[in-house]
Amino acid sequence: MAGHENKILRWLYFAEDTGRIVTIVAMTGLVFYQVVARIFFHWSSPAMEEAARFIMIWSIFIGAVVTTREDSHIRMGGIFKGPQGEIWFELVSKTVTLIFLCVFVAWSYEFATYSVRKGMNSIVLGVPLIVVHACFLVTGALMTIHTLVHLLNQIKRIITFYRGDPS
Amino acid sequence: MTMLLLLIGLTVLMIIVGFPLFASFGVGGLLMMIVLEINSGFAVPAIFTNLNSFVLMAIPFFIFAGGLMTVSGISSRIVEFANAIVGRFKGGLGVVTILSSALFGAISGSSASAVATIGMTILPQMEKYGYRREYATALVACSGLLGQLIPPSIPMILFGMLTNTSVAGCFLAAAGPGILIVVAYCIINYFYCRRRPEIRVEAFDSMGDSAKHILKATKRSSLAMMMPVLVLGGIYGGIFTPTEAGCVAAVYAISVGVITGKITRKGFARAAEETASIEGAIVFIMAFIMVMSRIFTYERLPDAIADSMLNLTNNKIVLLLLINLFMILMGMIMDDITSMLIVAPLLYPLFMKLGISPFQMAAILAVNQGSGQMTPPVATNLFTAARVSGIPVSSFVKDCIPFLLFGSLPVLLIVTFVPEVSTWLPAVVMGK
């Protein structure tokens, strides 16, 4: 069972890391193609710009997923410096973050279903907007999973701490 | 309104206590929506509308370009170039640090990456020629400010987006104070080095030798130096938008890496991954700040702040000093990006009511919040420099004081009270 979980997680990490590279490369390629086409061939397509914008939104949220996975979201130094204060604060911080992410997933679900229900399409490309609206739901869910993993690890850390192994 | 202010206080408290910024702003926004009975269907569409912006794309592009230049080792040639030009004078290596940071700023647009990249290259050399490690580290940390004043600049892209101001104009507005900081820091460095016999200079044998050295360094750094020319020339020559310039810079960096054979597949992947992560960290926070910002606008909070400040006093000088004091305090407890995201939309109406141009406001915020990166407890530049040099912040923080007191602070006052410093360049180049 644990082996399967590890395999799924490894696959997930691979997909996230690949997503980071692919989105950045794709939006760079699209915008550069547009610049070259406009300057050298006097041709420009708003569809390129729209596609690049949609990819950027995915890129931002995939980046946020990896940052959540690595537990490296930007934060100030904090005021809890001692080991005991720090582990308890981390528990509170991760719990609050998890609750907020659950709310975010609920909002995103509401938005995604609304987008499908209304049959919203993009202005230029004409593609269903769910292809980009789904990004909030998908990445929100992934961030929730990673935060839950961090929370469980934090609980384990606290148990270890009080059993007398402060490492 | 009182409830809204209390919730802003709670958000700031969460940030100071150490919650992740996105969660602090997210929870703050969520509570505001509950208290003000705003429909829950408001948040995600607001995030989508705000992020679906072509201007915003400039941020990942410039981060990507800077990352590619660093992984391909091209950035260190900038230091080589500055060293060849001014490195052979007394205190020359200090000037090399300042100029290199400015030149690197013209590639990456971020102060922390300027500190890390320039610091790694210049610190061993400075020590070798007799500079105290503490002073050298302080100089690297303070010069990092130039990374975000010399265009392109990530905080200026954010400012332009949040206040609907021309990003190209904001870049130019911050360049004036950037040049003043270069001059001020060079003077401070001169006075420091003048009285220290232990600082040595590697002299050239002859003028011909010197010219040959400069020529060689110029040739070696020409590919790196071309990037600012391409970016700024493209933007102000009317060829690219700032976003397209960022993209061209990234493609140029890839091409240079391939031509020189310095870029590997692994290095390229690392630069792309880091770009997405940095973008994910910064812009993700921005998404939630934008939700809050919309709530502020619905509740007319920025106007209320402007009116209450104007009720306090009508004296423009006193008001500007108060605003600067407030922003210095913000800069001490927050990083530049966060304080820019909070302060810009909140204070914009106040600046407009005081008759200050958006470009001047951009420059004031850039100098103020950039200087905040050198003032503990939250001082990204100091922490980055400490990591690069391997000494604690406490050991070199006092060496930063002259740069703050006689460099950043006077420039901040000049930018605040002499509008031409920030508005002249946009007027000349863009006619605005």
# chains A, B, ... in the order shown; residues from 1 in each chain; ligands from 1
$ residues_around --residues "Ala51 of chain A" --least-positions-apart "3" --cutoff "10 Å" --atoms "only C-alpha atoms" --output "PyMOL selection string"
chain A and resi 26-27+30-31+46-48+54-56+122+124-125+127+132
$ interface_residues --of "chain A" --to "chain B" --cutoff "8 Å" --atoms "only C-alpha atoms" --output "PyMOL selection string"
chain A and resi 17+20-21+24-25+28+31-32+35+39+49+53-54+56-57+59-67+73-80+93+96-97+100+107-108+110-111+133+136
$ write_last_selection --atoms "C-alpha atoms" --output "PDB file, in the first residue's frame"
ATOM      1  CA  ASP A  17       7.928  19.644 -12.030  1.00  0.00           C
ATOM      2  CA  ARG A  20       6.600  24.081 -14.297  1.00  0.00           C
ATOM      3  CA  ILE A  21       9.055  23.742 -17.165  1.00  0.00           C
ATOM      4  CA  ILE A  24       7.303  28.574 -18.847  1.00  0.00           C
ATOM      5  CA  VAL A  25       8.757  27.316 -22.121  1.00  0.00           C
ATOM      6  CA  THR A  28       8.012  32.136 -23.811  1.00  0.00           C
ATOM      7  CA  VAL A  31       5.068  35.414 -27.036  1.00  0.00           C
ATOM      8  CA  PHE A  32       8.374  35.236 -28.906  1.00  0.00           C
ATOM      9  CA  VAL A  35       6.985  39.278 -31.563  1.00  0.00           C
ATOM     10  CA  ILE A  39       8.198  42.590 -36.534  1.00  0.00           C
ATOM     11  CA  GLU A  49      -1.583  36.448 -26.522  1.00  0.00           C
ATOM     12  CA  ARG A  53      -2.102  34.414 -20.745  1.00  0.00           C
ATOM     13  CA  PHE A  54      -3.975  31.193 -20.019  1.00  0.00           C
ATOM     14  CA  MET A  56       0.690  31.864 -17.484  1.00  0.00           C
ATOM     15  CA  ILE A  57      -2.241  31.358 -15.091  1.00  0.00           C
ATOM     16  CA  SER A  59       2.164  28.350 -14.600  1.00  0.00           C
ATOM     17  CA  ILE A  60       1.520  30.613 -11.590  1.00  0.00           C
ATOM     18  CA  PHE A  61      -0.653  28.023  -9.879  1.00  0.00           C
ATOM     19  CA  ILE A  62       1.616  25.062 -10.683  1.00  0.00           C
ATOM     20  CA  GLY A  63       4.478  27.129  -9.240  1.00  0.00           C
ATOM     21  CA  ALA A  64       2.350  27.713  -6.144  1.00  0.00           C
ATOM     22  CA  VAL A  65       1.684  23.961  -5.851  1.00  0.00           C
ATOM     23  CA  VAL A  66       5.414  23.171  -5.921  1.00  0.00           C
ATOM     24  CA  THR A  67       6.108  25.993  -3.457  1.00  0.00           C
ATOM     25  CA  HIS A  73       5.874  30.026   0.545  1.00  0.00           C
ATOM     26  CA  ILE A  74       7.038  33.548   1.332  1.00  0.00           C
ATOM     27  CA  ARG A  75       6.650  34.399   5.005  1.00  0.00           C
ATOM     28  CA  MET A  76       8.212  36.789   7.487  1.00  0.00           C
ATOM     29  CA  GLY A  77      10.712  35.551  10.080  1.00  0.00           C
ATOM     30  CA  GLY A  78       8.035  35.081  12.716  1.00  0.00           C
ATOM     31  CA  ILE A  79       8.178  35.701  16.420  1.00  0.00           C
ATOM     32  CA  PHE A  80       8.298  32.140  17.755  1.00  0.00           C
ATOM     33  CA  SER A  93      -0.056  27.844  10.769  1.00  0.00           C
ATOM     34  CA  VAL A  96      -5.106  27.606   9.283  1.00  0.00           C
ATOM     35  CA  THR A  97      -3.546  27.234   5.818  1.00  0.00           C
ATOM     36  CA  PHE A 100      -8.209  28.291   4.009  1.00  0.00           C
ATOM     37  CA  TRP A 107     -14.789  28.554  -4.207  1.00  0.00           C
ATOM     38  CA  SER A 108     -12.925  27.101  -7.200  1.00  0.00           C
ATOM     39  CA  GLU A 110     -18.255  26.738  -7.514  1.00  0.00           C
ATOM     40  CA  PHE A 111     -16.483  28.781 -10.207  1.00  0.00           C
ATOM     41  CA  HIS A 133     -10.901  27.963 -14.926  1.00  0.00           C
ATOM     42  CA  PHE A 136      -7.888  26.883  -9.640  1.00  0.00           C
TER      43      PHE A 136
END
$ residues_around --residues "Gly160 of chain B" --least-positions-apart "4" --cutoff "12 Å" --atoms "only C-alpha atoms" --output "MDAnalysis selection string"
chainID B and resid 53 55:56 58:59 153:156 164:173 242 340:341 344:345 348 358:359 361:363 365:366
$ residues_around --residues "Ser110 of chain B" --least-positions-apart "6" --cutoff "12 Å" --atoms "only C-alpha atoms" --output "PDB file with N, CA and C atoms, in the first residue's frame"
ATOM      1  N   ILE B  59       6.797  39.626 -15.427  1.00  0.00           N
ATOM      2  CA  ILE B  59       7.497  39.175 -14.215  1.00  0.00           C
ATOM      3  C   ILE B  59       8.196  37.827 -14.453  1.00  0.00           C
ATOM      4  N   PRO B  60       7.462  36.764 -14.860  1.00  0.00           N
ATOM      5  CA  PRO B  60       8.198  35.504 -15.094  1.00  0.00           C
ATOM      6  C   PRO B  60       9.268  35.623 -16.172  1.00  0.00           C
ATOM      7  N   PHE B  62      11.232  38.205 -16.986  1.00  0.00           N
ATOM      8  CA  PHE B  62      12.480  38.811 -16.507  1.00  0.00           C
ATOM      9  C   PHE B  62      13.176  37.901 -15.494  1.00  0.00           C
ATOM     10  N   ILE B  63      12.383  37.190 -14.673  1.00  0.00           N
ATOM     11  CA  ILE B  63      13.002  36.251 -13.717  1.00  0.00           C
ATOM     12  C   ILE B  63      13.711  35.137 -14.501  1.00  0.00           C
ATOM     13  N   PHE B  64      13.057  34.661 -15.542  1.00  0.00           N
ATOM     14  CA  PHE B  64      13.605  33.582 -16.382  1.00  0.00           C
ATOM     15  C   PHE B  64      14.906  34.049 -17.057  1.00  0.00           C
ATOM     16  N   ALA B  65      14.874  35.262 -17.605  1.00  0.00           N
ATOM     17  CA  ALA B  65      16.066  35.796 -18.284  1.00  0.00           C
ATOM     18  C   ALA B  65      17.227  35.919 -17.300  1.00  0.00           C
ATOM     19  N   GLY B  66      16.957  36.472 -16.124  1.00  0.00           N
ATOM     20  CA  GLY B  66      18.005  36.630 -15.103  1.00  0.00           C
ATOM     21  C   GLY B  66      18.546  35.269 -14.676  1.00  0.00           C
ATOM     22  N   GLY B  67      17.632  34.311 -14.495  1.00  0.00           N
ATOM     23  CA  GLY B  67      18.033  32.955 -14.084  1.00  0.00           C
ATOM     24  C   GLY B  67      18.907  32.304 -15.132  1.00  0.00           C
ATOM     25  N   SER B 101      26.094  45.813  -9.758  1.00  0.00           N
ATOM     26  CA  SER B 101      24.727  45.622  -9.263  1.00  0.00           C
ATOM     27  C   SER B 101      23.750  46.387 -10.150  1.00  0.00           C
ATOM     28  N   ALA B 102      24.153  47.597 -10.560  1.00  0.00           N
ATOM     29  CA  ALA B 102      23.282  48.386 -11.438  1.00  0.00           C
ATOM     30  C   ALA B 102      23.126  47.684 -12.786  1.00  0.00           C
ATOM     31  N   LEU B 103      24.232  47.191 -13.328  1.00  0.00           N
ATOM     32  CA  LEU B 103      24.171  46.520 -14.631  1.00  0.00           C
ATOM     33  C   LEU B 103      23.384  45.215 -14.539  1.00  0.00           C
ATOM     34  N   PHE B 104      23.557  44.495 -13.423  1.00  0.00           N
ATOM     35  CA  PHE B 104      22.794  43.260 -13.260  1.00  0.00           C
ATOM     36  C   PHE B 104      21.311  43.575 -13.108  1.00  0.00           C
ATOM     37  N   ALA B 116      22.888  38.166  -4.549  1.00  0.00           N
ATOM     38  CA  ALA B 116      23.427  36.803  -4.579  1.00  0.00           C
ATOM     39  C   ALA B 116      24.455  36.649  -5.700  1.00  0.00           C
ATOM     40  N   THR B 117      24.099  37.105  -6.903  1.00  0.00           N
ATOM     41  CA  THR B 117      24.978  36.881  -8.065  1.00  0.00           C
ATOM     42  C   THR B 117      26.258  37.712  -7.972  1.00  0.00           C
ATOM     43  N   SER B 143      24.082  47.716  -2.328  1.00  0.00           N
ATOM     44  CA  SER B 143      24.041  47.942  -3.781  1.00  0.00           C
ATOM     45  C   SER B 143      22.926  47.135  -4.441  1.00  0.00           C
ATOM     46  N   GLY B 144      22.468  46.087  -3.771  1.00  0.00           N
ATOM     47  CA  GLY B 144      21.371  45.276  -4.302  1.00  0.00           C
ATOM     48  C   GLY B 144      20.143  46.110  -4.614  1.00  0.00           C
ATOM     49  N   LEU B 145      19.992  47.222  -3.875  1.00  0.00           N
ATOM     50  CA  LEU B 145      18.861  48.133  -4.112  1.00  0.00           C
ATOM     51  C   LEU B 145      18.792  48.546  -5.585  1.00  0.00           C
ATOM     52  N   LEU B 146      19.998  48.674  -6.194  1.00  0.00           N
ATOM     53  CA  LEU B 146      20.035  49.116  -7.595  1.00  0.00           C
ATOM     54  C   LEU B 146      19.390  48.090  -8.526  1.00  0.00           C
ATOM     55  N   GLY B 147      19.388  46.829  -8.096  1.00  0.00           N
ATOM     56  CA  GLY B 147      18.772  45.776  -8.904  1.00  0.00           C
ATOM     57  C   GLY B 147      17.323  46.072  -9.210  1.00  0.00           C
ATOM     58  N   GLN B 148      16.647  46.774  -8.290  1.00  0.00           N
ATOM     59  CA  GLN B 148      15.232  47.046  -8.559  1.00  0.00           C
ATOM     60  C   GLN B 148      14.955  48.488  -8.946  1.00  0.00           C
ATOM     61  N   LEU B 149      15.997  49.335  -8.950  1.00  0.00           N
ATOM     62  CA  LEU B 149      15.769  50.714  -9.404  1.00  0.00           C
ATOM     63  C   LEU B 149      16.118  50.873 -10.882  1.00  0.00           C
ATOM     64  N   ILE B 150      17.162  50.168 -11.296  1.00  0.00           N
ATOM     65  CA  ILE B 150      17.559  50.265 -12.705  1.00  0.00           C
ATOM     66  C   ILE B 150      16.618  49.361 -13.516  1.00  0.00           C
ATOM     67  N   PRO B 151      15.986  49.918 -14.552  1.00  0.00           N
ATOM     68  CA  PRO B 151      15.002  49.115 -15.302  1.00  0.00           C
ATOM     69  C   PRO B 151      15.636  47.922 -16.018  1.00  0.00           C
ATOM     70  N   PRO B 152      14.907  46.823 -16.175  1.00  0.00           N
ATOM     71  CA  PRO B 152      13.538  46.577 -15.713  1.00  0.00           C
ATOM     72  C   PRO B 152      13.487  46.299 -14.211  1.00  0.00           C
ATOM     73  N   SER B 153      12.312  46.470 -13.629  1.00  0.00           N
ATOM     74  CA  SER B 153      12.196  46.292 -12.192  1.00  0.00           C
ATOM     75  C   SER B 153      10.878  45.591 -11.866  1.00  0.00           C
ATOM     76  N   ILE B 154      10.974  44.489 -11.118  1.00  0.00           N
ATOM     77  CA  ILE B 154       9.752  43.721 -10.810  1.00  0.00           C
ATOM     78  C   ILE B 154       8.772  44.544  -9.952  1.00  0.00           C
ATOM     79  N   PRO B 155       9.251  45.235  -8.887  1.00  0.00           N
ATOM     80  CA  PRO B 155       8.293  46.055  -8.127  1.00  0.00           C
ATOM     81  C   PRO B 155       7.592  47.123  -8.994  1.00  0.00           C
ATOM     82  N   MET B 156       8.307  47.638  -9.990  1.00  0.00           N
ATOM     83  CA  MET B 156       7.680  48.653 -10.856  1.00  0.00           C
ATOM     84  C   MET B 156       6.614  48.027 -11.775  1.00  0.00           C
ATOM     85  N   ILE B 157       6.818  46.768 -12.175  1.00  0.00           N
ATOM     86  CA  ILE B 157       5.790  46.080 -12.965  1.00  0.00           C
ATOM     87  C   ILE B 157       4.538  45.922 -12.101  1.00  0.00           C
ATOM     88  N   ILE B 278       9.225  30.951  -8.233  1.00  0.00           N
ATOM     89  CA  ILE B 278       9.240  32.338  -7.752  1.00  0.00           C
ATOM     90  C   ILE B 278       7.940  33.032  -8.159  1.00  0.00           C
ATOM     91  N   ASP B 336       9.946  43.967   0.110  1.00  0.00           N
ATOM     92  CA  ASP B 336       9.554  45.023  -0.832  1.00  0.00           C
ATOM     93  C   ASP B 336       8.301  44.672  -1.635  1.00  0.00           C
ATOM     94  N   ILE B 337       8.197  43.419  -2.068  1.00  0.00           N
ATOM     95  CA  ILE B 337       7.060  43.027  -2.898  1.00  0.00           C
ATOM     96  C   ILE B 337       5.763  43.134  -2.088  1.00  0.00           C
ATOM     97  N   ALA B 366       9.651  52.884  -4.772  1.00  0.00           N
ATOM     98  CA  ALA B 366      10.779  52.016  -5.137  1.00  0.00           C
ATOM     99  C   ALA B 366      11.975  52.262  -4.223  1.00  0.00           C
ATOM    100  N   GLY B 370      12.822  49.639  -1.384  1.00  0.00           N
ATOM    101  CA  GLY B 370      14.121  49.024  -1.668  1.00  0.00           C
ATOM    102  C   GLY B 370      15.056  49.206  -0.488  1.00  0.00           C
ATOM    103  N   GLN B 373      14.861  46.898   2.440  1.00  0.00           N
ATOM    104  CA  GLN B 373      15.519  45.592   2.374  1.00  0.00           C
ATOM    105  C   GLN B 373      16.859  45.587   3.098  1.00  0.00           C
ATOM    106  N   THR B 380      15.710  41.458   3.394  1.00  0.00           N
ATOM    107  CA  THR B 380      16.067  40.382   2.463  1.00  0.00           C
ATOM    108  C   THR B 380      17.502  40.519   1.949  1.00  0.00           C
ATOM    109  N   ASN B 381      17.888  41.757   1.598  1.00  0.00           N
ATOM    110  CA  ASN B 381      19.239  41.948   1.042  1.00  0.00           C
ATOM    111  C   ASN B 381      20.317  41.590   2.062  1.00  0.00           C
TER     112      ASN B 381
END
$ select_by_dssp --residues "segment 43-116 of chain A" --states "helix (DSSP H, G or I)" --output "PyMOL selection string"
chain A and resi 46-69+83-116
$ atom_distance --atom1 "atom CA of Pro402 of chain B" --atom2 "atom CA of Cys186 of chain B"
11.8 Å
$ residues_around --residues "Met309 of chain B" --least-positions-apart "2" --cutoff "12 Å" --atoms "only C-alpha atoms" --output "JSON, numbers by chain"
{"B": [302, 303, 304, 305, 306, 307, 311, 312, 313, 314, 315, 316, 318, 319, 320, 322, 323, 347, 349, 350, 351, 353, 354]}
$ atom_distance --atom1 "atom CA of Thr2 of chain B" --atom2 "atom CA of Val291 of chain B"
18.9 Å
$ closest_residue --among "A:Pro128, A:His42, A:Cys102, A:Arg157" --to "Gly140 of chain A" --atoms "only C-alpha atoms"
A:Cys102
$ atom_distance --atom1 "atom CA of Thr18 of chain A" --atom2 "atom CA of Asn121 of chain A"
27.2 Å
$ closest_residue --among "A:Thr139, A:Gln84, A:Ser72, A:Ser115" --to "Phe161 of chain A" --atoms "only C-alpha atoms"
A:Gln84
